[in-house]
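Reproduced below: work34.txt, with compact mmCIF, C-alpha atoms and all ligand atoms.
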# COMPACT_ATOMS: atom_id res chain seq x y z
CA MET A 87 81.56 81.57 116.41
CA LYS A 88 82.81 78.03 115.80
CA ILE A 89 86.54 77.54 116.33
CA LEU A 90 88.07 74.76 114.28
CA LYS A 91 91.66 73.62 114.27
CA SER A 92 91.85 70.94 111.64
CA PRO A 93 91.58 71.62 107.87
CA GLN A 94 89.42 68.52 107.43
CA GLU A 95 86.94 69.64 110.10
CA LEU A 96 86.57 73.12 108.59
CA ASN A 97 86.22 71.76 105.07
CA LEU A 98 83.49 69.40 106.25
CA ALA A 99 81.69 72.10 108.26
CA LEU A 100 81.52 74.29 105.15
CA PHE A 101 80.57 71.49 102.74
CA ASP A 102 76.77 71.95 102.79
CA LEU A 103 76.89 75.70 103.42
CA ARG A 104 78.87 76.33 100.23
CA LEU A 105 76.12 74.80 98.08
CA LYS A 106 73.59 77.52 98.89
CA LYS A 107 75.48 80.33 100.56
CA THR A 108 78.25 82.77 99.76
CA VAL A 109 81.38 82.44 101.87
CA GLY A 110 83.71 85.36 102.61
CA PHE A 111 87.22 84.53 103.78
CA VAL A 112 89.69 86.76 105.63
CA PRO A 113 93.14 85.19 106.16
CA THR A 114 95.17 86.82 108.96
CA MET A 115 98.17 86.25 111.18
CA GLY A 116 96.25 87.47 114.22
CA TYR A 117 97.00 90.32 116.65
CA LEU A 118 94.03 91.99 115.02
CA HIS A 119 93.59 95.74 114.63
CA ASP A 120 91.01 97.99 112.99
CA GLY A 121 92.45 97.22 109.55
CA HIS A 122 91.53 93.54 110.04
CA ARG A 123 88.21 94.58 111.54
CA LYS A 124 87.43 96.47 108.34
CA LEU A 125 88.18 93.33 106.27
CA VAL A 126 85.84 91.26 108.42
CA LYS A 127 83.11 93.93 108.31
CA GLN A 128 83.32 93.99 104.51
CA ALA A 129 83.17 90.19 104.37
CA ARG A 130 80.17 90.24 106.74
CA LYS A 131 78.36 92.78 104.55
CA GLU A 132 78.90 90.86 101.32
CA ASN A 133 78.52 87.20 102.32
CA ASP A 134 76.20 84.78 104.12
CA VAL A 135 79.04 83.04 105.95
CA VAL A 136 82.28 84.62 107.22
CA VAL A 137 85.43 82.59 107.84
CA VAL A 138 88.58 84.11 109.39
CA SER A 139 91.87 82.26 109.79
CA ILE A 140 94.62 83.08 112.26
CA PHE A 141 97.92 81.43 111.42
CA VAL A 142 101.39 82.93 111.84
CA ASN A 143 102.88 81.36 108.75
CA PRO A 144 106.55 80.40 109.28
CA LEU A 145 107.07 79.98 105.53
CA GLN A 146 106.74 83.70 104.81
CA PHE A 147 109.36 84.82 107.34
CA GLY A 148 112.99 84.89 106.21
CA ALA A 149 115.97 83.89 108.35
CA GLY A 150 116.50 86.53 111.03
CA GLU A 151 112.98 87.95 110.64
CA ASP A 152 110.44 88.22 113.45
CA TYR A 153 108.57 84.87 113.22
CA LYS A 154 109.25 83.89 116.84
CA LYS A 155 108.42 87.28 118.32
CA TYR A 156 105.54 88.15 115.97
CA PRO A 157 102.85 89.55 118.31
CA ARG A 158 100.14 87.10 119.35
CA GLY A 159 96.96 87.71 121.37
CA LEU A 160 94.38 85.03 120.77
CA ALA A 161 91.89 85.87 123.55
CA ARG A 162 91.55 89.48 122.35
CA ASP A 163 91.40 88.37 118.70
CA GLN A 164 88.53 86.01 119.55
CA ARG A 165 86.60 88.82 121.25
CA ILE A 166 87.04 91.06 118.19
CA LEU A 167 85.93 88.34 115.79
CA GLU A 168 82.89 87.47 117.95
CA ALA A 169 81.92 91.16 117.99
CA GLU A 170 82.19 91.27 114.18
CA LYS A 171 79.89 88.22 113.92
CA THR A 172 82.42 85.86 112.41
CA ASP A 173 80.90 82.41 111.83
CA PHE A 174 84.07 80.30 111.75
CA LEU A 175 87.54 80.90 113.13
CA PHE A 176 90.13 78.59 111.61
CA LEU A 177 93.12 78.10 113.91
CA PRO A 178 95.41 75.47 112.43
CA ASP A 179 98.79 74.71 113.97
CA VAL A 180 102.04 74.49 112.04
CA LYS A 181 102.13 70.69 111.90
CA GLN A 182 98.58 70.60 110.48
CA LEU A 183 99.46 72.85 107.54
CA TYR A 184 103.06 71.71 107.14
CA PRO A 185 103.45 68.05 108.15
CA ASP A 186 107.01 66.71 108.20
CA ASP A 187 106.80 65.44 104.61
CA PHE A 188 105.58 68.77 103.16
CA VAL A 189 107.68 69.77 100.11
CA THR A 190 105.46 71.84 97.79
CA GLU A 191 105.90 75.53 97.04
CA VAL A 192 103.67 77.89 95.05
CA ARG A 193 105.56 80.75 93.45
CA VAL A 194 104.37 83.69 91.35
CA SER A 195 107.28 85.11 89.33
CA ARG A 196 107.93 88.66 88.04
CA LEU A 197 105.45 90.45 90.34
CA THR A 198 107.41 89.19 93.35
CA GLU A 199 110.83 90.41 92.20
CA GLY A 200 110.65 94.12 93.08
CA LEU A 201 109.45 96.17 96.07
CA CYS A 202 109.27 93.89 99.15
CA GLY A 203 110.46 90.90 97.11
CA LYS A 204 113.92 92.47 96.80
CA SER A 205 114.70 92.55 100.49
CA ARG A 206 112.47 89.55 101.35
CA PRO A 207 113.25 87.10 98.53
CA THR A 208 111.45 84.09 100.04
CA HIS A 209 108.48 85.99 101.48
CA PHE A 210 105.94 85.83 98.66
CA ALA A 211 106.42 82.12 97.97
CA GLY A 212 105.53 81.58 101.64
CA VAL A 213 102.43 83.76 101.25
CA THR A 214 101.19 82.17 98.02
CA THR A 215 101.81 78.66 99.34
CA VAL A 216 99.83 79.19 102.54
CA VAL A 217 97.03 81.17 100.91
CA LEU A 218 96.49 78.51 98.24
CA LYS A 219 96.29 75.90 101.00
CA LEU A 220 93.81 78.03 102.96
CA LEU A 221 91.73 78.65 99.84
CA ASN A 222 91.61 74.94 99.15
CA VAL A 223 90.34 74.28 102.66
CA VAL A 224 87.77 77.09 102.78
CA GLN A 225 86.81 77.29 99.07
CA PRO A 226 85.30 80.75 99.60
CA THR A 227 83.26 82.86 97.19
CA ASN A 228 85.22 86.01 98.11
CA LEU A 229 88.72 86.54 99.50
CA TYR A 230 89.41 89.79 101.43
CA LEU A 231 92.88 91.35 101.46
CA GLY A 232 94.12 94.70 102.74
CA GLN A 233 95.62 97.38 100.51
CA LYS A 234 98.46 97.95 102.98
CA ASP A 235 100.07 94.82 101.55
CA TYR A 236 99.31 95.92 98.01
CA GLN A 237 102.04 93.76 96.44
CA GLN A 238 100.65 90.73 98.29
CA TYR A 239 97.16 91.55 96.99
CA ARG A 240 98.49 91.94 93.43
CA VAL A 241 100.48 88.68 93.63
CA LEU A 242 97.54 86.73 95.05
CA ARG A 243 95.18 88.13 92.42
CA GLN A 244 97.61 86.84 89.80
CA MET A 245 97.83 83.42 91.46
CA VAL A 246 94.03 83.18 91.47
CA LYS A 247 93.90 84.07 87.77
CA ASP A 248 96.82 81.89 86.68
CA LEU A 249 95.58 78.82 88.56
CA ASN A 250 91.89 79.30 87.62
CA LEU A 251 90.80 79.48 91.24
CA GLN A 252 87.08 80.11 91.64
CA VAL A 253 87.26 82.99 94.08
CA LYS A 254 86.84 86.76 93.74
CA VAL A 255 89.66 88.79 95.27
CA ARG A 256 88.54 91.95 97.06
CA MET A 257 90.93 94.70 98.16
CA VAL A 258 89.97 96.75 101.22
CA PRO A 259 91.50 100.24 101.77
CA ILE A 260 94.15 100.99 104.41
CA VAL A 261 93.02 102.08 107.87
CA ARG A 262 95.18 104.84 109.38
CA GLU A 263 95.81 106.37 112.81
CA PRO A 264 94.75 110.04 113.16
CA ASP A 265 98.31 111.17 112.27
CA GLY A 266 98.30 109.03 109.12
CA LEU A 267 100.29 105.97 110.24
CA ALA A 268 98.88 102.84 108.57
CA LEU A 269 97.66 100.28 111.10
CA SER A 270 99.93 97.25 111.35
CA SER A 271 100.43 94.53 113.94
CA ARG A 272 104.13 95.49 113.88
CA ASN A 273 103.48 99.07 115.10
CA VAL A 274 103.56 97.61 118.61
CA TYR A 275 107.36 97.14 118.28
CA LEU A 276 107.99 100.92 117.91
CA SER A 277 109.52 103.03 120.69
CA LYS A 278 107.84 106.35 121.49
CA THR A 279 110.25 108.34 119.28
CA GLN A 280 109.99 105.82 116.43
CA ARG A 281 106.19 105.85 116.68
CA ASP A 282 106.17 109.63 116.50
CA GLU A 283 108.51 109.68 113.49
CA ALA A 284 106.59 106.92 111.70
CA ARG A 285 103.99 109.53 110.70
CA PHE A 286 106.50 110.73 108.06
CA LEU A 287 105.75 107.61 105.99
CA SER A 288 102.26 108.73 105.05
CA LEU A 289 103.39 112.37 104.90
CA ALA A 290 105.99 111.39 102.27
CA LEU A 291 103.41 109.41 100.30
CA ASN A 292 100.96 112.31 100.47
CA GLU A 293 103.66 114.71 99.30
CA ALA A 294 104.15 112.63 96.12
CA LYS A 295 100.41 112.14 95.69
CA LYS A 296 99.76 115.89 95.91
CA LYS A 297 102.41 116.57 93.27
CA ILE A 298 100.99 113.90 90.92
CA VAL A 299 97.48 115.29 91.31
CA ASN A 300 98.91 118.72 90.44
CA GLY A 301 100.39 117.32 87.23
CA GLU A 302 103.96 116.30 88.15
CA LYS A 303 105.02 113.34 85.99
CA ASN A 304 108.74 113.06 86.62
CA VAL A 305 109.40 110.18 89.01
CA GLY A 306 112.87 111.50 89.94
CA THR A 307 111.29 114.73 91.20
CA LEU A 308 108.60 112.81 93.09
CA LYS A 309 111.09 110.49 94.77
CA LYS A 310 113.29 113.41 95.81
CA ALA A 311 110.31 115.11 97.47
CA MET A 312 109.55 111.87 99.36
CA ARG A 313 113.17 111.41 100.41
CA ASP A 314 113.35 115.00 101.67
CA CYS A 315 110.22 114.44 103.73
CA LEU A 316 111.54 111.17 105.20
CA LYS A 317 114.82 112.86 106.24
CA LYS A 318 112.82 114.53 109.01
CA ALA A 319 112.41 111.10 110.62
CA LYS A 320 115.88 110.83 112.17
CA SER A 321 115.46 107.23 113.33
CA ALA A 322 114.24 106.00 109.90
CA ARG A 323 116.29 103.97 107.41
CA VAL A 324 114.72 103.66 103.97
CA ASP A 325 114.63 100.12 102.54
CA TYR A 326 112.89 101.20 99.34
CA LEU A 327 110.85 104.04 97.97
CA GLU A 328 109.29 103.30 94.58
CA ILE A 329 106.74 104.49 92.08
CA VAL A 330 105.53 101.60 89.93
CA ASP A 331 102.69 100.83 87.56
CA ALA A 332 99.84 99.57 89.77
CA ASP A 333 99.17 96.58 87.54
CA SER A 334 102.58 95.37 86.35
CA LEU A 335 104.50 96.62 89.42
CA GLN A 336 107.25 97.69 86.99
CA GLY A 337 109.09 100.93 87.80
CA VAL A 338 108.18 104.02 85.78
CA LEU A 339 110.37 107.02 84.94
CA LYS A 340 107.61 109.32 83.76
CA LEU A 341 103.90 108.98 84.51
CA LYS A 342 101.59 108.58 81.52
CA SER A 343 98.29 110.46 81.45
CA GLY A 344 95.60 108.43 83.21
CA GLN A 345 98.09 105.81 84.43
CA THR A 346 97.44 104.48 87.93
CA VAL A 347 100.65 104.15 89.88
CA LEU A 348 101.51 102.72 93.26
CA ILE A 349 103.70 104.91 95.45
CA ALA A 350 105.19 102.47 97.91
CA LEU A 351 107.81 102.48 100.61
CA ALA A 352 109.40 100.29 103.22
CA VAL A 353 111.26 101.93 106.08
CA TYR A 354 113.14 100.48 109.05
CA PHE A 355 112.83 101.95 112.53
CA GLY A 356 115.50 100.01 114.37
CA LYS A 357 114.71 96.38 113.52
CA THR A 358 111.04 97.13 112.72
CA ARG A 359 110.27 97.32 109.02
CA LEU A 360 107.09 99.21 108.14
CA ILE A 361 105.45 99.41 104.71
CA ASP A 362 102.88 101.81 103.34
CA ASN A 363 101.51 102.82 99.94
CA MET A 364 99.05 104.95 98.04
CA LEU A 365 97.41 104.42 94.65
CA VAL A 366 97.22 107.52 92.48
CA LYS A 367 95.93 108.14 89.00
CA GLY A 368 98.14 110.47 86.88
CA LYS A 369 96.54 113.56 85.37
O1 LIG B 401 98.66 89.52 105.26
C1 LIG B 401 98.81 88.59 106.09
O2 LIG B 401 98.48 88.69 107.27
C2 LIG B 401 99.45 87.29 105.62
O3 LIG B 401 100.44 87.54 104.67
C3 LIG B 401 98.43 86.26 105.10
C4 LIG B 401 97.70 86.76 103.87
C5 LIG B 401 97.43 85.95 106.21
C6 LIG B 401 99.15 84.96 104.73
O4 LIG B 401 99.82 84.42 105.81

Just give me the structure of the file as structure tokens.
Ligand code: PAF
Amino acid sequence: MKILKSPQELNLALFDLRLKKTVGFVPTMGYLHDGHRKLVKQARKENDVVVVSIFVNPLQFGAGEDYKKYPRGLARDQRILEAEKTDFLFLPDVKQLYPDDFVTEVRVSRLTEGLCGKSRPTHFAGVTTVVLKLLNVVQPTNLYLGQKDYQQYRVLRQMVKDLNLQVKVRMVPIVREPDGLALSSRNVYLSKTQRDEARFLSLALNEAKKKIVNGEKNVGTLKKAMRDCLKKAKSARVDYLEIVDADSLQGVLKLKSGQTVLIALAVYFGKTRLIDNMLVKGK
């Protein structure tokens, strides 16, 4: 695995390869878990060359969020990426991506207003800005994103379409712990009690999913069932709990037949904010 720190070096290293080979790109913020591993495996299966970036992007953290204490573990990350046969690891530093005179922002509207965008109003502009920069450096054939950040995936897919970027966006399903908790680098912040109660997130989502599969269409009823389930997690504080159209991300009151919806939630355990979601097709 080649480790490159400068955008120019990586761009140059990929210059000839891109002419004849497919390039799969997995952007990450490091502290890798099996969810990331699954992204890299998928990229490895579908491309000749695999590029992974590790960059904790300050632009996507709001004031008071966990940028400074975001978990980092480069040596372990490198071992994982070597084992997954990554060809290039891109490791830029903040000054390389955001020099002192950097003033540009990429913003996708509408899709970024609800769900996580409500409580993290500057987050998605930070994500789209950095991912466009990374895509311009790597110029991959395929971009791999995890379903756990479904809104991020949806927003980035829109950016790619709106800006005519020549890359295919692939979504890779969520990887869960045996008790259902979605893997996340932030799970490491949880105390033992919080970790135990965090299983109610996927239980609540499954509760709504089961009801939808059995024909329930009323979103009020579905949300109440989820809220009741989450009440069992005493240390949890719900940030949001939504059922939205999977494409427009607009809230729905009643599911239409055949409509695919996203059941999504964000829940705080102390200062740790966890998100999770499921995609379900209405009967
Ligand atoms: O999902 C993430 O880890 C980040 O939001 C991403 C896509 C690497 C951009 O910083």

Within 8 Å of ligand LIG 401 (chain B), which residues show up when you count only C-alpha atoms and all ligand atoms? List them as an MDAnalysis selection string, please. chainID A and resid 112:116 139:143 146 212:214 216:217 231:232 235 238

Deliver the residues from the most recent selection as a file, using C-alpha atoms, as a compact mmCIF listing (two decimals), in the coordinates of the input.
# COMPACT_ATOMS: atom_id res chain seq x y z
CA VAL A 112 89.69 86.76 105.63
CA PRO A 113 93.14 85.19 106.16
CA THR A 114 95.17 86.82 108.96
CA MET A 115 98.17 86.25 111.18
CA GLY A 116 96.25 87.47 114.22
CA SER A 139 91.87 82.26 109.79
CA ILE A 140 94.62 83.08 112.26
CA PHE A 141 97.92 81.43 111.42
CA VAL A 142 101.39 82.93 111.84
CA ASN A 143 102.88 81.36 108.75
CA GLN A 146 106.74 83.70 104.81
CA GLY A 212 105.53 81.58 101.64
CA VAL A 213 102.43 83.76 101.25
CA THR A 214 101.19 82.17 98.02
CA VAL A 216 99.83 79.19 102.54
CA VAL A 217 97.03 81.17 100.91
CA LEU A 231 92.88 91.35 101.46
CA GLY A 232 94.12 94.70 102.74
CA ASP A 235 100.07 94.82 101.55
CA GLN A 238 100.65 90.73 98.29

What lies within 8 Å of Lys369 in chain A using all atoms listed in the file, ignoring chain neighbours under 4 positions off, as a list of chain:residue names?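 What passes the distance filter is A:Ile298, A:Val299, A:Asn300, A:Gly301, A:Ser343, A:Gly344, A:Gln345.
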
Range 315-321 of chain A: which residues within 6 Å, counting only C-alpha atoms, same-chain residues fewer than 3 positions away excluded, as an MDAnalysis selection string? chainID A and resid 283 286 290 312 355

Keeping only C-alpha atoms, write the selected residues as a tab-separated table (two decimals), in the coordinates of the input.
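The file below, again-v2.tsv, is the result:
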chain	number	residue	atom	x	y	z
A	283	GLU	CA	108.51	109.68	113.49
A	286	PHE	CA	106.50	110.73	108.06
A	290	ALA	CA	105.99	111.39	102.27
A	312	MET	CA	109.55	111.87	99.36
A	355	PHE	CA	112.83	101.95	112.53

Which residues are close to range 259-270 of chain A, i.e. within 6 Å by all atoms listed in the file, leaving aside same-chain residues fewer than 3 positions away? Reply as a ChimeraX atom specification. /A:121,233-234,273,285,288

Show me the residues around (112.8, 109.5, 99.9) - criterion: an atom at most 10 Å away, all atoms listed in the file counted - as a list of chain:residue names. A:Leu287, A:Ala290, A:Leu291, A:Ala294, A:Leu308, A:Lys309, A:Lys310, A:Ala311, A:Met312, A:Arg313, A:Asp314, A:Cys315, A:Leu316, A:Lys317, A:Arg323, A:Val324, A:Asp325, A:Tyr326, A:Leu327, A:Glu328, A:Leu351, A:Val353

Residues near Leu160 in chain A, cut-off 8 Å, all atoms listed in the file, skip fewer than 3 positions along chain, as a ChimeraX atom specification: /A:116-117,163-164

Counting all atoms listed in the file, what is within 12 Å of Asp331 in chain A, bar same-chain residues fewer than 2 positions away, as a PyMOL selection string? chain A and resi 197+200-201+237+240+305+328-329+333-342+344-350+364-368

In Å, with one decimal, what is the gap from CA of Gly159 in chain A to CA of Arg272 in chain A? 13.0 Å

Find the residue from A:Thr307, A:Asn228, A:Asp120, A:Glu199 that sits nearest to Glu293 in chain A; use all atoms listed in the file when measuring.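 Looking only at the distances to Glu293 in chain A, the closest residue turns out to be A:Thr307.
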
For Val194 in chain A, which of A:Lys278, A:Lys254, A:Lys127, A:Lys247 is the closest residue, counting only C-alpha atoms?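 Smallest distance to Val194 in chain A is found for A:Lys247.
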
Please, what distance in Å, to one decimal, runs between CA of Lys297 in chain A and CA of Met257 in chain A?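 These two atoms are separated by 25.2 Å.
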
Separation of CA of Ser271 in chain A and CA of Val126 in chain A, in Å?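 CA of Val126 in chain A lies 15.9 Å from CA of Ser271 in chain A.
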
How big is the axis-aligned box around the listed atoms of range 283-295 of chain A once 8 Å is added on each side, and where is its centre? Give both in Å to one decimal, as lines of an AutoDock Vina configuration file.
center_x = 104.5
center_y = 110.8
center_z = 104.6
size_x = 24.1
size_y = 23.8
size_z = 33.8

Would you mind telling me which residue in A:Lys131, A:Ile89, A:Gln244, A:Tyr275 lies nearest to Pro178 in chain A when using all atoms listed in the file? A:Ile89
